[in-house]
Amino acid sequence: LGYVYEYLIGNFAANAGKKAGEFYTPHEVAILMSEIVAEHHKAKETIEIYDPTSGSGSLLITIGKSVGRHIEDKNKVKYYAQELKENTYNLTRMNLVMRGIKPNNINARCADSLDEDWPVQAGDMSKPLYVDAVVSNPPYSQHWNPTDAEMDSRFKDYGVAPKSKADYAFLLHELHHIKPDGILTIVLPHGVLFRGDPEKDVDGEGKIRKNLIEKNNIDAIIGLPANIFYGTSIPTCILVFKKCRKEDDNILFIDASKEFEKVKTQNKLRPQHIQKIVDTYRERKEIEKYSHLATLQEVAENDYNLNIPRYVDTFEEEEPIDIHAVMKEIKELEAKRADLDKEIEGYLKELGLVE
């Protein structure tokens with residue numbers, strides 16, 4: 001029943017226009033994110049997953065299914081979901097229940113993740129929620145209320161996102177909730193990679209990005225094709241974060257913007273595209289015009305700008321044009337046309353249509 005429900009939700013999203021982005025992450029993107037999380041936690045016997053903008057719960061469930069392949073007891077995957085809109089929150093609960101997940105492993109909450117952070121764990125008022133993996137596809141460039149946010153434990157070490165764009169607020173909220181060995185995968189628009197000046201901004205996105213880089217939290221940046229999300233055609237990227245990376249760890253940039261198949265009006269990631277991205281991430285390998293490992297020093301020299309084209313050159317040089325050959329071909333065509341005009345004129349004279 002859960003798979004039927006997921007199928008219906010997916011088909012409804014495909015025809016729901018802009019509304020679809022509020023509750024559904026395309027299955028192919030969810031699969032890609034889940035493979036990255038599963039690779040990181042494949043040795044764990046239990047795992048807790050949290051999605052603070054859960055929508056229909058499809059992303060959360062796909063992640064749970066992937067990590068569950070490596071766990072003998074599927075009931076050792078625990079789900080935390082938070083969603084602002086009540087109707088969408090009910091989709092999350094229905095989706096989780098119909099997958100046969102035990103009630104004790106479902107923790108769903110209808111609330112604003114930025115204004116009402118997840119409550120402390122029951123029985124220990126001093127212990128906030130920390131999980132093995134956080135996954136999300138939050139609303140892009142959402143307005144939010146950052147009043148007194150500079151003292152919030154989620155933001156105080158990095159900076160406060162501007163009122164007009166909550167992208168980094170969601171990101172820092174999620175980074176705060178992963179364990180030291182945890183992993184965060186989040187989908188955001190490309191603007192977060194370069195907006196703001198890290199040196200001139202006293203606060204804001206440039207400062208936050210610089211702090212994330214200097215604290216060595218960014219593991220990988222994966223550029224996705226445009227027009228793969230319902231309700232928006234803008235290109236997006238998956239950002240992968242960890243709290244405890246080695247000092248000499250590089251940032252992996254992957255440009256998968258050309259890895260898709262056109263299906264009607266939508267671009268689709270196919271299994272071979274997903275596999276290529278996952279293999280590149282797992283092996284952390286450099287591929288010409290596709291991926292690059294950048295040192296933190298290299299990123300700093302680029303003014304902490306993470307725009308993917310700065311690191312992955314996808315420019316395809318056009319073949320040189322032989323002007324002389326082209327001009328010769330044009331003259332030959334003009335001569336043939338002149339001969340053809342004369343031939344046509346001769347036929348017309350024979351028919352008496354012209355003098």
# chains A, B, ... in the order shown; residues from 1 in each chain; ligands from 1
call {"tool": "select_by_dssp", "arguments": {"residues": "segment 156-258 of chain A", "states": "strand (DSSP E or B)", "output": "PyMOL selection string"}}
result
chain A and resi 178-189+218-223+229+232+236-241+251-255
call {"tool": "write_last_selection", "arguments": {"atoms": "N, CA, C and O atoms", "output": "CSV table (one decimal), in the first residue's frame"}}
result
chain,number,residue,atom,x,y,z
A,178,ILE,N,23.2,17.0,13.5
A,178,ILE,CA,23.9,15.7,13.3
A,178,ILE,C,24.9,15.4,14.3
A,178,ILE,O,25.5,16.3,14.9
A,179,LYS,N,25.1,14.1,14.6
A,179,LYS,CA,26.1,13.7,15.5
A,179,LYS,C,27.5,14.0,15.0
A,179,LYS,O,27.7,14.2,13.8
A,180,PRO,N,28.6,13.9,15.8
A,180,PRO,CA,29.9,14.1,15.3
A,180,PRO,C,30.3,13.2,14.1
A,180,PRO,O,31.0,13.7,13.2
A,181,ASP,N,29.7,12.0,14.0
A,181,ASP,CA,30.0,11.1,12.9
A,181,ASP,C,28.9,11.1,11.9
A,181,ASP,O,28.8,10.2,11.0
A,182,GLY,N,28.0,12.1,12.0
A,182,GLY,CA,26.8,12.1,11.1
A,182,GLY,C,27.1,12.7,9.8
A,182,GLY,O,28.2,13.2,9.4
A,183,ILE,N,26.0,12.8,9.0
A,183,ILE,CA,26.1,13.4,7.6
A,183,ILE,C,24.8,14.1,7.3
A,183,ILE,O,23.7,13.8,7.7
A,184,LEU,N,25.0,15.2,6.6
A,184,LEU,CA,23.8,16.0,6.1
A,184,LEU,C,23.8,16.1,4.6
A,184,LEU,O,24.9,16.4,4.0
A,185,THR,N,22.7,15.9,4.0
A,185,THR,CA,22.5,16.1,2.6
A,185,THR,C,21.3,17.1,2.4
A,185,THR,O,20.2,16.8,2.9
A,186,ILE,N,21.5,18.1,1.7
A,186,ILE,CA,20.5,19.1,1.5
A,186,ILE,C,20.4,19.6,0.1
A,186,ILE,O,21.5,19.8,-0.5
A,187,VAL,N,19.3,19.9,-0.5
A,187,VAL,CA,19.1,20.4,-1.8
A,187,VAL,C,18.8,21.9,-1.7
A,187,VAL,O,17.9,22.3,-1.0
A,188,LEU,N,19.6,22.7,-2.4
A,188,LEU,CA,19.4,24.2,-2.4
A,188,LEU,C,19.7,24.8,-3.8
A,188,LEU,O,20.4,24.1,-4.6
A,189,PRO,N,19.3,26.0,-4.0
A,189,PRO,CA,19.6,26.7,-5.3
A,189,PRO,C,21.1,27.1,-5.3
A,189,PRO,O,21.7,27.2,-4.3
A,218,ILE,N,32.3,21.2,4.8
A,218,ILE,CA,31.7,20.9,3.4
A,218,ILE,C,32.4,19.7,2.8
A,218,ILE,O,33.7,19.8,2.6
A,219,ASP,N,31.7,18.7,2.5
A,219,ASP,CA,32.3,17.5,2.0
A,219,ASP,C,32.2,17.4,0.5
A,219,ASP,O,33.1,17.0,-0.2
A,220,ALA,N,31.1,17.8,-0.1
A,220,ALA,CA,30.9,17.7,-1.5
A,220,ALA,C,29.8,18.6,-2.0
A,220,ALA,O,28.8,18.9,-1.2
A,221,ILE,N,29.9,19.1,-3.2
A,221,ILE,CA,28.9,19.9,-3.9
A,221,ILE,C,28.6,19.3,-5.2
A,221,ILE,O,29.5,19.1,-6.0
A,222,ILE,N,27.3,18.9,-5.4
A,222,ILE,CA,26.9,18.2,-6.6
A,222,ILE,C,25.9,19.1,-7.4
A,222,ILE,O,24.8,19.3,-6.9
A,223,GLY,N,26.3,19.6,-8.6
A,223,GLY,CA,25.4,20.4,-9.4
A,223,GLY,C,24.5,19.5,-10.2
A,223,GLY,O,24.9,18.6,-10.9
A,229,PHE,N,13.0,19.4,-10.8
A,229,PHE,CA,12.1,19.5,-9.7
A,229,PHE,C,10.8,20.0,-10.2
A,229,PHE,O,10.7,20.9,-11.0
A,232,THR,N,9.6,24.2,-10.3
A,232,THR,CA,10.6,25.2,-10.6
A,232,THR,C,11.6,24.6,-11.6
A,232,THR,O,11.9,23.4,-11.6
A,236,THR,N,19.6,23.3,-9.4
A,236,THR,CA,19.8,23.1,-7.9
A,236,THR,C,21.1,22.3,-7.7
A,236,THR,O,21.7,21.8,-8.6
A,237,CYS,N,21.5,22.2,-6.4
A,237,CYS,CA,22.7,21.4,-6.1
A,237,CYS,C,22.4,20.7,-4.8
A,237,CYS,O,21.6,21.1,-4.0
A,238,ILE,N,23.1,19.5,-4.7
A,238,ILE,CA,23.1,18.8,-3.4
A,238,ILE,C,24.4,19.1,-2.7
A,238,ILE,O,25.4,19.0,-3.2
A,239,LEU,N,24.2,19.6,-1.4
A,239,LEU,CA,25.4,19.9,-0.6
A,239,LEU,C,25.5,18.8,0.5
A,239,LEU,O,24.5,18.5,1.1
A,240,VAL,N,26.7,18.3,0.6
A,240,VAL,CA,27.0,17.2,1.6
A,240,VAL,C,27.9,17.8,2.7
A,240,VAL,O,28.9,18.4,2.4
A,241,PHE,N,27.4,17.7,4.0
A,241,PHE,CA,28.2,18.2,5.1
A,241,PHE,C,28.5,17.2,6.1
A,241,PHE,O,27.7,16.2,6.3
A,251,ILE,N,37.4,19.4,-0.8
A,251,ILE,CA,35.9,19.5,-1.2
A,251,ILE,C,35.8,19.0,-2.6
A,251,ILE,O,36.5,19.4,-3.5
A,252,LEU,N,34.9,18.0,-2.7
A,252,LEU,CA,34.6,17.4,-4.0
A,252,LEU,C,33.5,18.2,-4.8
A,252,LEU,O,32.4,18.3,-4.2
A,253,PHE,N,33.8,18.7,-6.0
A,253,PHE,CA,32.9,19.3,-6.8
A,253,PHE,C,32.5,18.4,-8.0
A,253,PHE,O,33.4,17.8,-8.6
A,254,ILE,N,31.2,18.2,-8.2
A,254,ILE,CA,30.7,17.4,-9.3
A,254,ILE,C,29.7,18.2,-10.1
A,254,ILE,O,28.8,18.8,-9.5
A,255,ASP,N,30.0,18.3,-11.4
A,255,ASP,CA,29.1,19.0,-12.3
A,255,ASP,C,28.3,17.9,-13.1
A,255,ASP,O,28.7,17.4,-14.1
call {"tool": "select_by_dssp", "arguments": {"residues": "segment 217-284 of chain A", "states": "helix (DSSP H, G or I)", "output": "compact mmCIF listing (two decimals) with N, CA and C atoms, in the first residue's frame"}}
result
# COMPACT_ATOMS: atom_id res chain seq x y z
N PRO A 271 19.16 5.86 -13.91
CA PRO A 271 20.04 5.07 -13.04
C PRO A 271 21.52 5.22 -13.36
N GLN A 272 21.86 5.29 -14.64
CA GLN A 272 23.29 5.42 -14.99
C GLN A 272 23.86 6.77 -14.56
N HIS A 273 23.02 7.82 -14.57
CA HIS A 273 23.47 9.13 -14.13
C HIS A 273 23.71 9.13 -12.61
N ILE A 274 22.75 8.53 -11.90
CA ILE A 274 22.87 8.44 -10.45
C ILE A 274 24.10 7.63 -10.06
N GLN A 275 24.30 6.50 -10.74
CA GLN A 275 25.44 5.63 -10.42
C GLN A 275 26.76 6.35 -10.64
N LYS A 276 26.84 7.12 -11.71
CA LYS A 276 28.08 7.84 -12.00
C LYS A 276 28.40 8.85 -10.89
N ILE A 277 27.38 9.55 -10.43
CA ILE A 277 27.57 10.52 -9.35
C ILE A 277 27.99 9.82 -8.07
N VAL A 278 27.29 8.73 -7.73
CA VAL A 278 27.59 8.01 -6.48
C VAL A 278 28.99 7.41 -6.52
N ASP A 279 29.37 6.83 -7.65
CA ASP A 279 30.72 6.25 -7.78
C ASP A 279 31.79 7.33 -7.64
N THR A 280 31.55 8.48 -8.26
CA THR A 280 32.51 9.58 -8.18
C THR A 280 32.64 10.08 -6.75
N TYR A 281 31.50 10.17 -6.05
CA TYR A 281 31.52 10.61 -4.66
C TYR A 281 32.23 9.59 -3.77
N ARG A 282 31.90 8.32 -3.94
CA ARG A 282 32.48 7.28 -3.09
C ARG A 282 34.00 7.18 -3.27
N GLU A 283 34.44 7.25 -4.52
CA GLU A 283 35.86 7.11 -4.81
C GLU A 283 36.60 8.44 -4.75
call {"tool": "residues_around", "arguments": {"residues": "Tyr80 of chain A", "least_positions_apart": "3", "cutoff": "7 Å", "atoms": "only C-alpha atoms", "output": "short mmCIF file (atom, residue, chain, number, x, y, z; two decimals) with C-alpha atoms, in the first residue's frame"}}
result
data_model
loop_
_atom_site.label_atom_id
_atom_site.label_comp_id
_atom_site.auth_asym_id
_atom_site.auth_seq_id
_atom_site.Cartn_x
_atom_site.Cartn_y
_atom_site.Cartn_z
CA ILE A 49 17.20 10.09 10.36
CA TYR A 50 15.67 13.56 10.52
CA ASP A 51 13.95 15.68 7.86
CA ILE A 106 7.99 7.35 13.94
CA ASN A 107 8.42 10.80 15.46
CA ALA A 108 6.42 13.34 13.46
#
call {"tool": "atom_distance", "arguments": {"atom1": "atom CA of Leu193 of chain A", "atom2": "atom CA of Thr88 of chain A"}}
result
29.1 Å
call {"tool": "residues_around", "arguments": {"residues": "segment 292-303 of chain A", "least_positions_apart": "3", "cutoff": "9 Å", "atoms": "only C-alpha atoms", "output": "number ranges by chain"}}
result
A: 197-199, 210, 213-214, 216, 248-255, 284-289, 306, 310-312
call {"tool": "residues_around", "arguments": {"residues": "Lys165 of chain A", "least_positions_apart": "3", "cutoff": "7 Å", "atoms": "only C-alpha atoms", "output": "compact mmCIF listing (two decimals) with C-alpha atoms, in the first residue's frame"}}
result
# COMPACT_ATOMS: atom_id res chain seq x y z
CA SER A 141 14.84 31.53 -0.52
CA GLN A 142 12.03 31.58 2.02
CA HIS A 143 11.46 34.64 4.24
CA ALA A 161 20.97 34.09 7.31
CA PRO A 162 19.30 37.25 5.92
call {"tool": "closest_residue", "arguments": {"among": "A:Val29, A:Leu91, A:Val135, A:Leu224", "to": "Leu8 of chain A", "atoms": "only C-alpha atoms"}}
result
A:Leu91
call {"tool": "atom_distance", "arguments": {"atom1": "atom CA of Ile228 of chain A", "atom2": "atom CA of Glu35 of chain A"}}
result
18.3 Å
call {"tool": "atom_distance", "arguments": {"atom1": "atom CA of Ile101 of chain A", "atom2": "atom CA of Leu114 of chain A"}}
result
27.0 Å
